[in-house]
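These notes are about the structure you will find just below.
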Amino acid sequence: MTVENRAALNGMSRLLAWGLALWMVLSLAGCGSGGEIGSMKVTPWESELYSEQEVQSAIDTAADYFKKEFSGCTLTEITYAGDEESEKEAQYALKNGADEVIVLVSSFTVDESGGDGSLNPNSTYRNFQWILIRKNGGSWQHFDHGY
């Protein structure tokens, strides 16, 4: 092999290596990008336990968690589950050093990827619960989610 051929082969190899590296970076950029909430509908609710601001703060906390952890999913609707439902889940607060619990329910769609693999691809989840807790009127913290 001549010096010129070897130089051309090395140049092509470097170009191929850079192209492969760029492809890997771009393909990984979409992984773990989180869920979508752009057109999420917030359904009205009534509560004697929590103010509108407190419930909205809980919704924001759940939506932030969804954006980070539900890749390949789109949150379509969310609301407060109601005072009775939140009171039924009070044991979560007590078991975890908090004094308040709030329960939200949502609907979301899953794309063909199945989210992180634990969800059914191309499906819709309805009445999906979000359980959040807080202590002394502080910020809501995501505690649990699911059915």
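Residues in the structure tokens are numbered from 1 in each chain, the chains being A, B, ... in the order shown, and ligands are numbered from 1 in the order shown.
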
Determine, counting only C-alpha atoms, which protein, DNA and RNA residues have an atom within 7 Å of an atom of region 91-102 of chain A; residues of the same chain fewer than 6 positions away are not included. Present the result as a list of chain:residue names.
-> A:Ile131, A:Leu132, A:Ile133, A:Arg134, A:Lys135, A:Asn136

Preceding selection exported with all heavy atoms as an mmCIF file, in the first residue's frame:
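Saved to again17.cif:
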data_model
loop_
_atom_site.group_PDB
_atom_site.id
_atom_site.type_symbol
_atom_site.label_atom_id
_atom_site.label_comp_id
_atom_site.auth_asym_id
_atom_site.auth_seq_id
_atom_site.Cartn_x
_atom_site.Cartn_y
_atom_site.Cartn_z
ATOM 1 N N ILE A 131 -49.264 10.965 44.556
ATOM 2 C CA ILE A 131 -49.348 11.218 45.983
ATOM 3 C C ILE A 131 -48.172 12.098 46.369
ATOM 4 O O ILE A 131 -47.011 11.747 46.136
ATOM 5 C CB ILE A 131 -49.360 9.904 46.785
ATOM 6 C CG1 ILE A 131 -50.578 9.075 46.363
ATOM 7 C CG2 ILE A 131 -49.369 10.193 48.282
ATOM 8 C CD1 ILE A 131 -50.627 7.684 46.955
ATOM 9 N N LEU A 132 -48.497 13.250 46.926
ATOM 10 C CA LEU A 132 -47.479 14.213 47.344
ATOM 11 C C LEU A 132 -47.651 14.484 48.831
ATOM 12 O O LEU A 132 -48.774 14.442 49.348
ATOM 13 C CB LEU A 132 -47.613 15.514 46.550
ATOM 14 C CG LEU A 132 -47.380 15.338 45.047
ATOM 15 C CD1 LEU A 132 -48.697 15.211 44.331
ATOM 16 C CD2 LEU A 132 -46.567 16.458 44.504
ATOM 17 N N ILE A 133 -46.537 14.750 49.501
ATOM 18 C CA ILE A 133 -46.578 15.030 50.930
ATOM 19 C C ILE A 133 -45.817 16.322 51.222
ATOM 20 O O ILE A 133 -44.999 16.770 50.423
ATOM 21 C CB ILE A 133 -45.985 13.863 51.759
ATOM 22 C CG1 ILE A 133 -44.533 13.580 51.356
ATOM 23 C CG2 ILE A 133 -46.846 12.616 51.631
ATOM 24 C CD1 ILE A 133 -43.834 12.512 52.195
ATOM 25 N N ARG A 134 -46.122 16.889 52.395
ATOM 26 C CA ARG A 134 -45.381 18.059 52.845
ATOM 27 C C ARG A 134 -45.464 18.139 54.370
ATOM 28 O O ARG A 134 -46.294 17.483 55.005
ATOM 29 C CB ARG A 134 -45.885 19.342 52.206
ATOM 30 C CG ARG A 134 -47.238 19.814 52.668
ATOM 31 C CD ARG A 134 -47.616 21.105 52.001
ATOM 32 N NE ARG A 134 -48.932 21.549 52.444
ATOM 33 C CZ ARG A 134 -49.513 22.642 52.019
ATOM 34 N NH1 ARG A 134 -48.909 23.400 51.113
ATOM 35 N NH2 ARG A 134 -50.697 22.994 52.459
ATOM 36 N N LYS A 135 -44.598 18.944 54.933
ATOM 37 C CA LYS A 135 -44.546 19.124 56.375
ATOM 38 C C LYS A 135 -44.621 20.614 56.695
ATOM 39 O O LYS A 135 -43.952 21.417 56.048
ATOM 40 C CB LYS A 135 -43.251 18.533 56.926
ATOM 41 C CG LYS A 135 -43.174 18.527 58.422
ATOM 42 C CD LYS A 135 -41.960 17.768 58.914
ATOM 43 C CE LYS A 135 -42.023 17.710 60.432
ATOM 44 N NZ LYS A 135 -41.006 16.827 60.974
ATOM 45 N N ASN A 136 -45.431 20.952 57.683
ATOM 46 C CA ASN A 136 -45.556 22.324 58.171
ATOM 47 C C ASN A 136 -45.863 23.330 57.065
ATOM 48 O O ASN A 136 -45.315 24.431 57.053
ATOM 49 C CB ASN A 136 -44.298 22.743 58.923
ATOM 50 C CG ASN A 136 -44.037 21.876 60.135
ATOM 51 O OD1 ASN A 136 -44.969 21.462 60.811
ATOM 52 N ND2 ASN A 136 -42.775 21.590 60.391
#

10 Å contact set for Leu104 (chain A), only C-alpha atoms, chain neighbours under 5 positions out, as a CSV table (one decimal) with N, CA, C and O atoms, in the first residue's frame:
chain,number,residue,atom,x,y,z
A,55,VAL,N,-53.2,23.6,45.8
A,55,VAL,CA,-53.5,22.5,44.8
A,55,VAL,C,-52.6,22.8,43.6
A,55,VAL,O,-52.0,21.8,43.0
A,58,ALA,N,-49.1,21.7,44.1
A,58,ALA,CA,-49.0,20.2,44.0
A,58,ALA,C,-49.0,19.8,42.6
A,58,ALA,O,-48.2,18.9,42.2
A,59,ILE,N,-49.9,20.4,41.8
A,59,ILE,CA,-50.0,20.0,40.3
A,59,ILE,C,-48.6,20.4,39.7
A,59,ILE,O,-48.1,19.6,38.9
A,62,ALA,N,-46.1,17.7,40.6
A,62,ALA,CA,-46.3,16.4,39.8
A,62,ALA,C,-45.9,16.6,38.4
A,62,ALA,O,-45.3,15.7,37.8
A,78,ILE,N,-54.8,16.7,34.3
A,78,ILE,CA,-54.5,16.5,35.8
A,78,ILE,C,-55.5,17.3,36.6
A,78,ILE,O,-56.0,18.4,36.2
A,79,THR,N,-55.8,16.8,37.8
A,79,THR,CA,-56.7,17.5,38.7
A,79,THR,C,-56.5,17.0,40.1
A,79,THR,O,-55.8,15.9,40.3
A,80,TYR,N,-57.1,17.7,41.1
A,80,TYR,CA,-57.1,17.3,42.5
A,80,TYR,C,-58.1,16.1,42.6
A,80,TYR,O,-59.2,16.2,42.1
A,81,ALA,N,-57.7,15.1,43.3
A,81,ALA,CA,-58.6,13.9,43.4
A,81,ALA,C,-59.8,14.1,44.4
A,81,ALA,O,-60.7,13.4,44.4
A,82,GLY,N,-59.6,15.2,45.3
A,82,GLY,CA,-60.7,15.5,46.2
A,82,GLY,C,-60.2,15.3,47.6
A,82,GLY,O,-59.3,14.6,48.0
A,85,GLU,N,-60.4,11.6,49.1
A,85,GLU,CA,-59.3,10.8,48.6
A,85,GLU,C,-58.0,11.2,49.4
A,85,GLU,O,-57.2,10.3,49.8
A,86,SER,N,-57.7,12.4,49.5
A,86,SER,CA,-56.5,12.9,50.2
A,86,SER,C,-56.5,12.4,51.7
A,86,SER,O,-55.5,12.0,52.2
A,127,ASN,N,-56.9,8.1,35.3
A,127,ASN,CA,-57.0,8.0,36.7
A,127,ASN,C,-55.7,7.5,37.4
A,127,ASN,O,-55.6,6.8,38.3
A,128,PHE,N,-54.6,8.0,36.8
A,128,PHE,CA,-53.2,7.7,37.3
A,128,PHE,C,-53.0,8.6,38.5
A,128,PHE,O,-53.1,9.8,38.4
A,129,GLN,N,-52.7,8.0,39.7
A,129,GLN,CA,-52.6,8.8,40.9
A,129,GLN,C,-51.2,9.4,41.2
A,129,GLN,O,-50.2,8.7,40.9
A,130,TRP,N,-51.2,10.5,41.8
A,130,TRP,CA,-50.0,11.2,42.2
A,130,TRP,C,-50.2,11.4,43.7
A,130,TRP,O,-51.1,12.1,44.1
A,131,ILE,N,-49.3,11.0,44.6
A,131,ILE,CA,-49.3,11.2,46.0
A,131,ILE,C,-48.2,12.1,46.4
A,131,ILE,O,-47.0,11.7,46.1
A,132,LEU,N,-48.5,13.3,46.9
A,132,LEU,CA,-47.5,14.2,47.3
A,132,LEU,C,-47.7,14.5,48.8
A,132,LEU,O,-48.8,14.4,49.3
A,145,HIS,N,-46.6,7.4,42.9
A,145,HIS,CA,-47.5,7.5,41.8
A,145,HIS,C,-47.9,6.2,41.3
A,145,HIS,O,-47.3,5.2,41.6

Got a sec: who's within 12 Å of Asn120 (chain A), counting only C-alpha atoms, leaving out chain neighbours fewer than 5 positions off, as an NGL selection string?
-> :A and (72-73 or 108-115 or 125)

So which one's closest to Ser106 (chain A), A:Ala90, A:Met40, A:Leu49, A:Leu119? Using only C-alpha atoms, please.
-> A:Met40

Would you please work out which residue, of A:Ser139, A:Gly146, A:Lys88, A:Ile37, is nearest to Gln56 (chain A) when using only C-alpha atoms?
->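 Smallest separation from Gln56 (chain A) among the options: A:Ser139.
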
Expected answer as a VMD selection string: strand (DSSP E) residues in region 8-138 of chain A | chain A and resid 41 to 42 73 to 80 100 to 110 123 to 134

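Distances from A:Arg126, A:Pro44, A:Gly138, A:Glu87 to Leu75 (chain A) were compared using only C-alpha atoms, and the smallest one belongs to A:Arg126.
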
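Of the residues under consideration (A:Ser51, A:Ser39, A:Ser123, A:Thr61), A:Thr61 shows the shortest atom-to-atom contact distance to His142 (chain A) when counting only C-alpha atoms.
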